[in-house]
Every structure is written in C-alpha cells, then in structure tokens.
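Listing of data-v6.cif; format and content: mmCIF, C-alpha atoms.
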data_protein
loop_
_atom_site.label_atom_id
_atom_site.label_comp_id
_atom_site.auth_asym_id
_atom_site.auth_seq_id
_atom_site.Cartn_x
_atom_site.Cartn_y
_atom_site.Cartn_z
CA MET Z 14 -15.79 -3.57 -8.03
CA ALA Z 15 -14.46 -6.86 -6.70
CA ASP Z 16 -17.93 -8.45 -6.99
CA GLY Z 17 -21.56 -7.45 -7.32
CA ARG Z 18 -22.39 -7.94 -3.65
CA ILE Z 19 -21.84 -4.28 -2.88
CA ARG Z 20 -24.17 -2.41 -5.21
CA VAL Z 21 -23.66 1.29 -5.83
CA GLU Z 22 -26.43 3.52 -7.17
CA PHE Z 23 -26.42 7.26 -7.75
CA ASP Z 24 -29.37 9.65 -7.50
CA GLY Z 25 -28.22 13.23 -7.77
CA ALA Z 26 -26.29 14.18 -4.64
CA VAL Z 27 -27.01 10.85 -2.93
CA ALA Z 28 -25.13 7.57 -3.44
CA THR Z 29 -26.56 4.33 -2.06
CA MET Z 30 -24.32 1.38 -1.22
CA THR Z 31 -26.19 -1.89 -0.64
CA VAL Z 32 -24.62 -4.97 0.93
CA ALA Z 33 -26.21 -7.65 -1.26
CA ARG Z 34 -25.68 -11.17 0.03
CA PRO Z 35 -29.12 -11.82 1.49
CA GLU Z 36 -28.79 -15.61 1.41
CA LYS Z 37 -26.05 -15.24 4.06
CA LEU Z 38 -27.72 -12.36 5.94
CA ASN Z 39 -25.18 -10.05 4.27
CA ALA Z 40 -22.27 -11.65 6.12
CA PHE Z 41 -18.90 -10.53 4.77
CA ASP Z 42 -16.18 -12.60 3.14
CA ILE Z 43 -12.87 -11.31 1.73
CA ASP Z 44 -14.30 -10.52 -1.71
CA MET Z 45 -17.05 -8.43 -0.13
CA LEU Z 46 -14.50 -6.47 1.89
CA LYS Z 47 -12.64 -5.78 -1.34
CA ALA Z 48 -15.90 -4.77 -3.00
CA LEU Z 49 -16.70 -2.36 -0.16
CA ALA Z 50 -13.29 -0.71 -0.52
CA SER Z 51 -13.87 -0.34 -4.28
CA ALA Z 52 -17.35 1.08 -3.66
CA CYS Z 53 -15.89 3.70 -1.32
CA ASP Z 54 -13.37 4.71 -3.99
CA ARG Z 55 -16.13 4.92 -6.57
CA VAL Z 56 -18.47 7.18 -4.57
CA GLU Z 57 -15.66 9.44 -3.40
CA ALA Z 58 -14.58 9.98 -7.02
CA GLU Z 59 -18.03 11.42 -7.83
CA ARG Z 60 -17.67 15.06 -6.86
CA ASP Z 61 -21.43 15.68 -7.10
CA VAL Z 62 -22.15 13.17 -4.31
CA ARG Z 63 -22.75 14.89 -0.99
CA VAL Z 64 -24.06 12.03 1.15
CA VAL Z 65 -23.98 8.22 1.15
CA ILE Z 66 -26.67 5.81 2.36
CA LEU Z 67 -25.41 2.37 3.42
CA THR Z 68 -27.96 -0.45 3.76
CA GLY Z 69 -28.45 -4.19 3.38
CA GLU Z 70 -30.56 -6.34 1.08
CA GLY Z 71 -33.17 -8.70 2.48
CA LYS Z 72 -33.84 -9.41 6.16
CA ALA Z 73 -30.54 -8.23 7.65
CA PHE Z 74 -28.34 -5.17 7.56
CA SER Z 75 -25.35 -7.46 8.13
CA ALA Z 76 -24.62 -10.46 10.33
CA GLY Z 77 -20.93 -9.45 10.31
CA GLY Z 78 -18.12 -11.73 9.19
CA ASP Z 79 -18.96 -15.05 7.56
CA ILE Z 80 -17.66 -17.69 9.98
CA LYS Z 81 -16.95 -20.03 7.05
CA ALA Z 82 -14.70 -17.35 5.56
CA TRP Z 83 -12.45 -16.99 8.61
CA GLY Z 84 -13.04 -20.06 10.78
CA GLY Z 85 -10.36 -22.19 9.10
CA MET Z 86 -7.65 -19.54 8.81
CA GLU Z 87 -4.29 -19.96 10.47
CA PRO Z 88 -3.75 -17.40 13.27
CA ALA Z 89 -1.27 -15.25 11.32
CA ALA Z 90 -3.47 -15.15 8.21
CA PHE Z 91 -6.52 -14.49 10.36
CA GLY Z 92 -4.87 -11.53 12.05
CA HIS Z 93 -3.43 -10.01 8.90
CA ASP Z 94 -5.66 -11.01 5.99
CA TRP Z 95 -8.96 -10.85 7.85
CA VAL Z 96 -8.78 -8.57 10.87
CA ARG Z 97 -6.27 -5.96 9.71
CA PHE Z 98 -7.66 -5.88 6.19
CA GLY Z 99 -11.21 -5.49 7.52
CA HIS Z 100 -10.00 -2.65 9.75
CA ARG Z 101 -8.55 -0.83 6.75
CA VAL Z 102 -11.73 -1.22 4.73
CA PHE Z 103 -14.01 -0.03 7.53
CA GLU Z 104 -11.66 2.89 8.17
CA ARG Z 105 -11.98 3.76 4.47
CA LEU Z 106 -15.74 3.92 4.92
CA ALA Z 107 -15.50 5.92 8.15
CA THR Z 108 -13.23 8.53 6.53
CA LEU Z 109 -15.20 9.14 3.34
CA ARG Z 110 -15.23 12.88 2.66
CA MET Z 111 -19.03 13.00 2.71
CA PRO Z 112 -21.39 12.02 5.57
CA VAL Z 113 -22.61 8.41 5.62
CA ILE Z 114 -26.04 7.30 6.85
CA ALA Z 115 -26.46 3.66 7.87
CA ALA Z 116 -30.03 2.54 7.14
CA LEU Z 117 -30.44 -0.56 9.30
CA ASN Z 118 -33.17 -2.54 7.55
CA GLY Z 119 -32.48 -5.61 9.71
CA HIS Z 120 -30.24 -6.97 12.43
CA ALA Z 121 -26.72 -5.52 12.83
CA LEU Z 122 -24.60 -8.03 14.72
CA GLY Z 123 -20.86 -8.29 15.29
CA GLY Z 124 -19.13 -6.96 12.22
CA GLY Z 125 -22.50 -5.66 11.04
CA LEU Z 126 -22.63 -3.30 14.02
CA GLU Z 127 -18.99 -2.38 13.43
CA LEU Z 128 -19.97 -1.56 9.83
CA ALA Z 129 -22.86 0.62 11.01
CA ALA Z 130 -20.58 2.36 13.52
CA ALA Z 131 -18.37 3.55 10.65
CA ALA Z 132 -21.29 5.71 9.47
CA ASP Z 133 -22.00 9.20 10.78
CA ILE Z 134 -25.74 8.70 11.32
CA ARG Z 135 -27.63 5.47 12.08
CA ILE Z 136 -31.35 4.91 11.52
CA ALA Z 137 -32.82 1.51 12.39
CA GLU Z 138 -36.17 -0.13 11.78
CA ARG Z 139 -38.14 -1.01 14.89
CA GLN Z 140 -37.62 -4.80 14.60
CA VAL Z 141 -33.82 -4.54 14.44
CA THR Z 142 -31.55 -6.18 17.03
CA ILE Z 143 -28.05 -4.84 17.70
CA GLY Z 144 -25.17 -6.53 19.49
CA LEU Z 145 -21.63 -7.89 19.55
CA PRO Z 146 -21.94 -11.67 20.08
CA GLU Z 147 -18.34 -12.61 19.27
CA THR Z 148 -17.37 -13.81 22.75
CA SER Z 149 -20.11 -16.46 22.58
CA LEU Z 150 -17.94 -18.04 19.86
CA GLY Z 151 -14.73 -17.65 21.86
CA MET Z 152 -13.79 -14.72 19.59
CA VAL Z 153 -13.30 -11.00 20.16
CA PRO Z 154 -14.63 -8.13 18.03
CA GLY Z 155 -12.10 -7.61 15.25
CA TRP Z 156 -13.24 -4.75 13.04
CA SER Z 157 -13.02 -1.96 15.63
CA GLY Z 158 -15.76 -3.14 17.99
CA THR Z 159 -13.56 -2.41 21.00
CA GLN Z 160 -11.98 0.67 19.42
CA ARG Z 161 -14.25 2.85 17.23
CA LEU Z 162 -17.35 1.77 19.15
CA VAL Z 163 -15.80 2.77 22.47
CA THR Z 164 -14.76 6.13 21.01
CA ARG Z 165 -18.19 6.82 19.56
CA PHE Z 166 -20.54 5.22 22.09
CA GLY Z 167 -18.59 4.91 25.33
CA ALA Z 168 -16.82 2.01 27.03
CA GLN Z 169 -19.64 0.87 29.32
CA ILE Z 170 -22.20 0.11 26.63
CA VAL Z 171 -19.52 -1.80 24.70
CA ARG Z 172 -18.66 -3.75 27.88
CA ARG Z 173 -22.30 -4.73 28.20
CA MET Z 174 -22.43 -6.02 24.63
CA VAL Z 175 -19.01 -7.71 24.53
CA LEU Z 176 -18.64 -9.03 28.10
CA GLY Z 177 -22.28 -9.51 29.00
CA GLY Z 178 -23.57 -10.47 25.58
CA GLU Z 179 -26.44 -7.97 25.85
CA MET Z 180 -28.53 -7.44 22.72
CA PHE Z 181 -30.54 -4.28 22.19
CA SER Z 182 -33.75 -3.56 20.36
CA ALA Z 183 -33.86 -0.49 18.14
CA GLU Z 184 -35.60 1.56 20.84
CA GLU Z 185 -33.10 0.43 23.48
CA ALA Z 186 -30.22 1.16 21.11
CA ARG Z 187 -31.55 4.67 20.49
CA ALA Z 188 -31.84 5.29 24.23
CA GLU Z 189 -28.22 4.17 24.67
CA GLY Z 190 -26.99 6.37 21.81
CA LEU Z 191 -26.06 3.45 19.52
CA ILE Z 192 -28.46 4.68 16.85
CA ASP Z 193 -29.93 8.11 16.17
CA ALA Z 194 -33.50 7.36 15.10
CA VAL Z 195 -36.03 4.52 14.85
CA ALA Z 196 -38.18 3.97 11.76
CA GLU Z 197 -41.20 1.74 11.33
CA THR Z 198 -40.61 -1.60 9.62
CA GLY Z 199 -40.23 -1.16 5.87
CA THR Z 200 -39.63 2.59 6.03
CA VAL Z 201 -35.96 2.99 6.89
CA MET Z 202 -34.85 3.80 3.35
CA GLN Z 203 -37.37 6.62 3.09
CA ALA Z 204 -36.24 7.93 6.46
CA ALA Z 205 -32.61 7.74 5.29
CA ARG Z 206 -33.43 9.52 2.01
CA ASP Z 207 -35.21 12.27 3.92
CA TYR Z 208 -32.20 12.74 6.19
CA ALA Z 209 -29.86 12.57 3.20
CA ALA Z 210 -31.81 15.39 1.53
CA ARG Z 211 -31.42 17.41 4.72
CA ILE Z 212 -27.65 16.91 4.63
CA ALA Z 213 -27.35 17.50 0.87
CA SER Z 214 -29.04 20.91 1.20
CA ARG Z 215 -26.12 22.21 3.26
CA GLY Z 216 -22.79 23.53 2.03
CA PRO Z 217 -20.70 20.61 0.73
CA ALA Z 218 -17.35 22.18 1.61
CA ALA Z 219 -18.62 23.00 5.10
CA LEU Z 220 -19.87 19.42 5.51
CA GLU Z 221 -16.54 17.93 4.49
CA VAL Z 222 -14.49 20.20 6.74
CA SER Z 223 -16.91 19.80 9.65
CA LYS Z 224 -16.67 16.01 9.40
CA LEU Z 225 -12.87 16.25 9.59
CA MET Z 226 -13.05 18.63 12.55
CA ILE Z 227 -15.44 16.39 14.47
CA ALA Z 228 -13.25 13.35 13.78
CA SER Z 229 -10.21 15.24 15.07
CA ALA Z 230 -12.03 16.38 18.22
CA ASN Z 231 -13.19 12.80 18.84
CA GLY Z 232 -9.65 11.44 18.55
CA GLU Z 233 -10.37 9.56 15.32
CA ASP Z 234 -7.65 9.55 12.68
CA LYS Z 235 -6.48 12.80 14.23
CA GLY Z 236 -3.21 13.21 12.32
CA ALA Z 237 -4.81 12.64 8.92
CA ALA Z 238 -7.71 14.97 9.73
CA VAL Z 239 -5.39 17.81 10.80
CA GLU Z 240 -3.16 17.39 7.76
CA ALA Z 241 -6.15 17.25 5.41
CA LEU Z 242 -7.56 20.46 6.88
CA GLY Z 243 -4.20 22.19 6.64
CA SER Z 244 -3.68 21.01 3.08
CA ILE Z 245 -7.12 22.24 1.99
CA LEU Z 246 -6.35 25.64 3.46
CA VAL Z 247 -2.87 25.94 1.93
CA ALA Z 248 -4.09 24.68 -1.45
CA LYS Z 249 -6.20 27.84 -1.76
CA THR Z 250 -3.31 30.25 -1.16
CA GLY Z 251 -1.48 32.40 -3.65
CA ASP Z 252 1.81 31.17 -2.20
CA LEU Z 253 1.10 27.61 -3.33
CA LYS Z 254 0.28 28.81 -6.85
CA GLU Z 255 3.54 30.75 -6.88
CA GLY Z 256 5.52 27.78 -5.58
CA VAL Z 257 4.13 25.46 -8.25
CA ALA Z 258 4.71 28.06 -10.96
CA ALA Z 259 8.31 28.62 -9.82
CA PHE Z 260 8.99 24.89 -9.86
CA SER Z 261 7.56 24.56 -13.38
CA GLU Z 262 9.52 27.57 -14.61
CA LYS Z 263 12.76 26.50 -12.87
CA ARG Z 264 13.16 29.77 -10.95
CA GLU Z 265 13.23 30.99 -7.36
CA ALA Z 266 9.79 31.33 -5.80
CA ARG Z 267 8.71 34.87 -4.87
CA PHE Z 268 6.37 34.24 -1.95
CA LYS Z 269 4.20 37.16 -0.76
CA GLY Z 270 2.31 35.52 2.05
CA ASP Z 271 -0.86 35.59 -0.04
CA TRP Z 272 -3.80 33.77 1.47
#
Produce structure tokens that represent the structure in this file.
Amino acid sequence: MADGRIRVEFDGAVATMTVARPEKLNAFDIDMLKALASACDRVEAERDVRVVILTGEGKAFSAGGDIKAWGGMEPAAFGHDWVRFGHRVFERLATLRMPVIAALNGHALGGGLELAAAADIRIAERQVTIGLPETSLGMVPGWSGTQRLVTRFGAQIVRRMVLGGEMFSAEEARAEGLIDAVAETGTVMQAARDYAARIASRGPAALEVSKLMIASANGEDKGAAVEALGSILVAKTGDLKEGVAAFSEKREARFKGDW
C-alpha cells in the first residue's frame, strides 16, 4: 500500500479497512487516496472475501479532505490531481465486487460523508454528525457529493446539506435515509460485524451479480455493470471455450450455441 494509514485486516470472509490518521480526524491527503486505491485492489484480489467493513480510527470516521493538502494547489492541479483522482478512488471503492459496510465510529463530514456514501450499507454510532460543510469554506463538494449522493439519497437532502449547511445527527440521518442503522456509542464495529456475517452467509456469486444489477438500475456505472454481467454470463458458455481453443489451435471455431 502507499502508506500505513489505510490498514487492511482479514478475518475469514470479512475484510476490514481502517482509515488510520486519527491525529487529523482521518482527513485524506494524496498518499491516503493512493493507499485506499491499493487497499481496494488488495481486498478484491482475495477471492474468499465476501464483504468489506470500512471504518475510521479514533474519534472520527473521516473529516474529509485535509485542507492543508489541497488549499495551496493551483486550480488545474486541484481539479485534476485532487478532485478527479479522488473521484476515481472513491469509484473504485463503490464498485468493489463485494458489498461494503461503512461503520461510522465518529463524524463523517464533507469527503468523509462522500466516502461513506460509496459503501452499500451505513451504520453510525449515536453521537455521529453527518454533513457537507464545503460551501462554508467557499468550496463545493468534490468527491461525488453532488453526484453519487444525489443518486443514492435524493437531491433535496443534498440541497439541505450543501446549500443550507444542515448537519444531521445519526438518528436524523437514519430518518432521512442517509444511514441504515444507528448503534450505541462504542458498538458500531460489532454491529457491522453482525451485519457482515449476515451478508457473508448468502451466495457470493448472487451477491456480486445483485450488486451489479442494483447499480445498473440506479444509473451508477451502468455501462460497466451491464458489460460485466454479460461477460460473466458468456464466460460460462461452451462457445467461449471453443473460441479460445480454436484460437490456440489455429483453426476455425465450431460454435454450437452451447450455454
């Protein structure tokens, strides 16, 4: 990994990724974005992993982007090296083949909420605050706060956070559909492990395909989802085996329409 601030641990079918920069409330810099991308590659390469838990170390889930990391960038570098790169990394997390549970142990603000939104399920401890405070700095959400969050949660609740600066408690966030469950303080990891066990008990192939189908229906990464589903289907056919064999043997393929 790019650095040790994204820890990855494996326990059977469950992988846990921990954002570990507690002295900065788990705020992201470029190296941490790189580390998150590497962590995604690492867990996806483990075929036994069926579910991922994403959490933070210390008092916060994540305070988002470290202002010191981006505040002095020139506009072009800011747009490309920070915003677009962060988009790609969060998209990598959102499109992991296995379900992801965000265990919000502390506040999820700005990019921290955008990080949580890339997960499939969100569980937050009761003391957690959620919001998108970027406009108070004269900035706009940059890691899909106005895109993925609108798709997943609806435009009006995002308007309230971005335009009105509204912050939500865990209970308020659950009522608004921003999170799925509330856990008592200090118990979110156990709640996430319990939910992870529930997911891991189900058919892994069905989980992977269902996640792709839901993403396609929700308008997320639709082209890639459709092509992945089609490729999985075709990869199981006799025709593909025949095509590969014919190529290797330098002969005409004799397709039979075998599924």
Name the residues in contact with Tyr208 (chain Z) at a cut-off of 10 Å, using all atoms listed in the file, excluding same-chain residues fewer than 2 positions from it; report them as a ChimeraX atom specification.
/Z:64,66,114,134,136,202-206,210-213
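You will find CA of Met45 (chain Z) at 12.7 Å from CA of Gly125 (chain Z).
For the choices Z:Ala89, Z:Val102, Z:Leu191, Z:Val56, the atom-to-atom distance to Ile43 (chain Z) is smallest for Z:Val102 when using all atoms listed in the file.
Under the PyMOL selection byres ((chain Z and resi 24) around 12), the matching residues in the shown file are Val21, Glu22, Phe23, Gly25, Ala26, Val27, Ala28, Thr29, Met30, Val56, Glu59, Asp61, Val62, Arg63, Val64, Val65, Ile66, Arg206, Ala209, Ala210 and Ala213 of chain Z.
One distance worth recording is that between CA of Leu117 (chain Z) and CA of Ala129 (chain Z), which is 7.9 Å.
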Run the PyMOL selection byres ((chain Z and resi 73) around 9) on the file and write out the hits as JSON, numbers by chain.
{"Z": [35, 38, 39, 69, 70, 71, 72, 74, 75, 76, 117, 118, 119, 120, 121, 141]}
Counting only C-alpha atoms, what is within 12 Å of Ala241 (chain Z), bar same-chain residues fewer than 2 positions away, as a VMD selection string?
chain Z and resid 108 110 221 to 226 228 to 229 234 to 239 243 to 248
Just write the chosen residues, C-alpha atoms, as a PDB file, in the frame of the given file.
ATOM      1  CA  THR Z 108     -13.230   8.530   6.530  1.00  0.00           C
ATOM      2  CA  ARG Z 110     -15.230  12.880   2.660  1.00  0.00           C
ATOM      3  CA  GLU Z 221     -16.540  17.930   4.490  1.00  0.00           C
ATOM      4  CA  VAL Z 222     -14.490  20.200   6.740  1.00  0.00           C
ATOM      5  CA  SER Z 223     -16.910  19.800   9.650  1.00  0.00           C
ATOM      6  CA  LYS Z 224     -16.670  16.010   9.400  1.00  0.00           C
ATOM      7  CA  LEU Z 225     -12.870  16.250   9.590  1.00  0.00           C
ATOM      8  CA  MET Z 226     -13.050  18.630  12.550  1.00  0.00           C
ATOM      9  CA  ALA Z 228     -13.250  13.350  13.780  1.00  0.00           C
ATOM     10  CA  SER Z 229     -10.210  15.240  15.070  1.00  0.00           C
ATOM     11  CA  ASP Z 234      -7.650   9.550  12.680  1.00  0.00           C
ATOM     12  CA  LYS Z 235      -6.480  12.800  14.230  1.00  0.00           C
ATOM     13  CA  GLY Z 236      -3.210  13.210  12.320  1.00  0.00           C
ATOM     14  CA  ALA Z 237      -4.810  12.640   8.920  1.00  0.00           C
ATOM     15  CA  ALA Z 238      -7.710  14.970   9.730  1.00  0.00           C
ATOM     16  CA  VAL Z 239      -5.390  17.810  10.800  1.00  0.00           C
ATOM     17  CA  GLY Z 243      -4.200  22.190   6.640  1.00  0.00           C
ATOM     18  CA  SER Z 244      -3.680  21.010   3.080  1.00  0.00           C
ATOM     19  CA  ILE Z 245      -7.120  22.240   1.990  1.00  0.00           C
ATOM     20  CA  LEU Z 246      -6.350  25.640   3.460  1.00  0.00           C
ATOM     21  CA  VAL Z 247      -2.870  25.940   1.930  1.00  0.00           C
ATOM     22  CA  ALA Z 248      -4.090  24.680  -1.450  1.00  0.00           C
TER      23      ALA Z 248
END
Return the padded bounding box of region 146-149 of chain Z as JSON: axis-aligned, built from all atoms listed in the file, 5 Å added on each side, with centre and edge lengths in Å to one decimal.
{"center_x": -19.7, "center_y": -14.1, "center_z": 21.0, "size_x": 14.6, "size_y": 14.8, "size_z": 13.5}
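Considering all atoms listed in the file, the residue among Z:Met152, Z:Ala131, Z:Ala230, Z:Ala107 positioned nearest to Ile80 (chain Z) is Z:Met152.
Remark: for Arg101 (chain Z), the closest of the candidate residues Z:Gly216, Z:Gly256, Z:Gly199, Z:Gly155 is Z:Gly155 (distances computed over all atoms listed in the file).
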Find, counting only C-alpha atoms, the residue in Z:Lys249, Z:Ala219, Z:Trp156, Z:Gly17 that gets nearest to Val32 (chain Z).
Z:Gly17
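Closest approach to Ser182 (chain Z) among Z:Leu126, Z:Val201, Z:Ala137, Z:Ala258: Z:Ala137, based on all atoms listed in the file.
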